Amino acid sequence: MSEFLAMGGYGFYVWGAYGVTALAIMAELIALRARRVNAVEAHAEASRR
Amino acid sequence: MISEPTAATFQATAPASDSGAWAGVRWALARDLRLALRSRAELGVQLLFYVIVVSLFPLASTPERNQLALMGPGVLWVAALLASLLSLPRLFASDYADGTLEQIALSPYPLPALVSGKMIAHWLTTGLPVVILAPVLGLQYGIDGEAMAALAAALLIGTPILSLLGAIGAALTLGLRGGGSLLALLVLPLCVPVLIFGAGTVDAVHAGLGVTANLSLLGAGLLVAIVGAPLAASAAVRIALD
Amino acid sequence: MNFFRYSSPSTFYPLAGKLIPWFGWSALLLAIVGLWIGFGLAPTDFQQGEAYRIIFIHVASAWMSMFIYVVMAFWSALALGFNTRLSGMMAQALAPTGALMTFIALWTGALWGRPTWGTYWAWDARMTSELILLFLYFGVIALRNAIDDDRRADRACGVLALVGVVNIPIIYFSVQWWNTLHQGSSVSMVAAPKMAAIMLAGMLVMAIAVWFYSIAVVLMRVRCIILERERGVAWTGQLTEPGTI
């Protein structure tokens with residue numbers, strides 16, 4: 001396991017790359033969720049009027 | 001408010017039969033040049049801006065000859081781009097503000113022709129002076145001889161491209177908040193290849209590779225821009241006017 | 001099958017809703033398989049050690065960054081040509097994901113470059129063109145945000161996207177032109193032609209995974225955009241019932 005994390009000494013680069021990628025994807029999904037919620041709410045309000 | 005030629009005037013000046021493309025280019029070019037020459041001070045300021053920006057770099061970084069020679073072409077190109085960007089917002093804005101642009105769009109001349117005329121005027125007032133000044137300013141950076149000639153040739157071919165692409169940005173951002181900076185954001189990525197190949201001519205000279213490749217690429221780019229940019233810009237003008 | 005049935009936002013909305021889980025879960029599955037191939041099966045590279053394993057995400061995201069731009073240009077052309085709302089909405093939905101892919105490509109590229117070629121950044125054709133692409137995306141997004149009227153925004157961003165797409169082949173071929181202009185440039189960031197088949201397999205699986213992810217995310221976004229822009233239109237009343245995505 002520690003070998004896997006170390007990546008032959010290149011752990012910083014490999015996990016830095018994949019880690020930020022994972023963060024970026026999560027950020028996109030979270031932002032989309034928030035956008036979805038807002039859109040639905042605003043839309044529901046507009047329909048009620 | 002300066003009374004500028006409006007729809008009424010160009011009804012009078014344009015012969016009814018001659019509403020073809022070239023007439024449109026000539027008309028717009030003449031008008032824009034006339035307007036530009038009325039505010040000669042503004043033109044002078046633009047040139048001064050170019051000179052100052054170019055002179056800033058040695059002051060801010062290093063006066064060392066070798067390093068200056070390396071960054072010189074890039075600086076001259078970036079400054080040319082900035083000088084071009086500086087005057088772009090005005091390309092359509094004043095006409096847009098007083099309704100003249102709408103009149104122009106309704107004219108018998110094809111809109112791409114009119115837009116081309118404006119682009120040429122922009123280049124003549126902004127790009128051409130840069131091409132003339134650059135060799136002189138290049139001396140500050142130790143660019144001379146063959147490198148100088150290559151740089152001047154590249155600027156001669158490249159600065160029109162900057163005007164052509166910049167006009168598209170100016171038309172797209174008509175009347176929008178964020179104006180000038182938004183325009184820069186839109187135009188800069190499009191101009192980067194011009195910068196790269198333009199400044200690269202000097203590198204090519206230093207590397208002994210000859211300038212044909214770079215200049216040919218720039219030339220090809222210019223041809224594509226001449227064909228495409230007026231169409232794109234006039235589409236953008238119509239979108240802004242709707 | 002009449003695809004034009006789905007060319008209106010009202011019919012496309014539920015279709016997109018059905019497609020999202022399919023693409024989303026497939027993307028996840030493919031990513032797991034791809035990473036398993038990339039980390040588990042593919043051998044250690046002789047020259048680059050373990051650091052090369054970054055290519056499994058780097059190449060996929062770089063391909064996708066350019067592909068999404070072309071797709072965005074396609075929808076932009078449709079929007080300008082046929083004046084259809086949905087085409088404009090699709091173009092609008094694609095830009096943020098395209099920008100994200102470009103960022104990932106740049107970031108992973110930098111981290112791959114450091115151990116492999118000694119530098120996080122090099123102004124070579126590939127990295128520079130990827131950076132230009134990021135700015136092109138930012139431009140489209142910024143222009144969209146600056147224009148209040150949706151239809152004007154569709155058309156203005158459409159023109160911008162189409163002008164930018166001319167840049168893509170220039171950027172793409174600049175790699176070759178660069179090499180001809182600078183013969184003797186020793187560093188080539190173009191991946192080695194002889195690659196172990198297993199590495200190639202990993203890259204392809206990841207590429208499809210990233211592709212499906214992009215589709216899912218863009219469809220999610222376009223549904224939000226449809227709700228935002230079609231507000232007050234009668235048919236959307238049923239959309240936001242509980243149970244729909």
# chains A, B, ... in the order shown; residues from 1 in each chain; ligands from 1
>>> residues_around(residues="A:His43", least_positions_apart="2", cutoff="8 Å", atoms="only C-alpha atoms", output="list of chain:residue names")
A:Ala39, A:Val40, A:Glu41, A:Glu45, A:Ala46, A:Ser47, C:Leu227, C:Glu228, C:Arg231, C:Gly232
>>> residues_around(residues="stretch 161-168 of chain C", least_positions_apart="5", cutoff="7 Å", atoms="only C-alpha atoms", output="list in words")
Leu190 of chain B; Val70, Ala73, Ser76, Leu136 and Val140 of chain C
>>> write_last_selection(atoms="C-alpha atoms", output="short mmCIF file (atom, residue, chain, number, x, y, z; two decimals), in the first residue's frame")
data_model
loop_
_atom_site.label_atom_id
_atom_site.label_comp_id
_atom_site.auth_asym_id
_atom_site.auth_seq_id
_atom_site.Cartn_x
_atom_site.Cartn_y
_atom_site.Cartn_z
CA LEU B 190 -7.15 34.80 -31.00
CA VAL C 70 -15.49 21.61 -31.57
CA ALA C 73 -18.75 25.30 -32.22
CA SER C 76 -23.13 27.41 -32.14
CA LEU C 136 -10.91 30.92 -25.48
CA VAL C 140 -17.01 32.58 -24.36
#
>>> closest_residue(among="C:Ala142, C:Leu219, C:Ala122, C:Ala209", to="B:Arg177", atoms="only C-alpha atoms")
C:Ala142
>>> atom_distance(atom1="atom CA of B:Val194", atom2="atom CA of C:Gly81")
29.3 Å
>>> interface_residues(of="chain C", to="chain B", cutoff="7 Å", atoms="only C-alpha atoms", output="PyMOL selection string")
chain C and resi 132+135-136+139+146-147+152+155-156+159+164+167
>>> interface_residues(of="chain A", to="chain C", cutoff="9 Å", atoms="only C-alpha atoms", output="PyMOL selection string")
chain A and resi 4+7-18+20-21+24-25+28-29+32-33+35-44+46-47
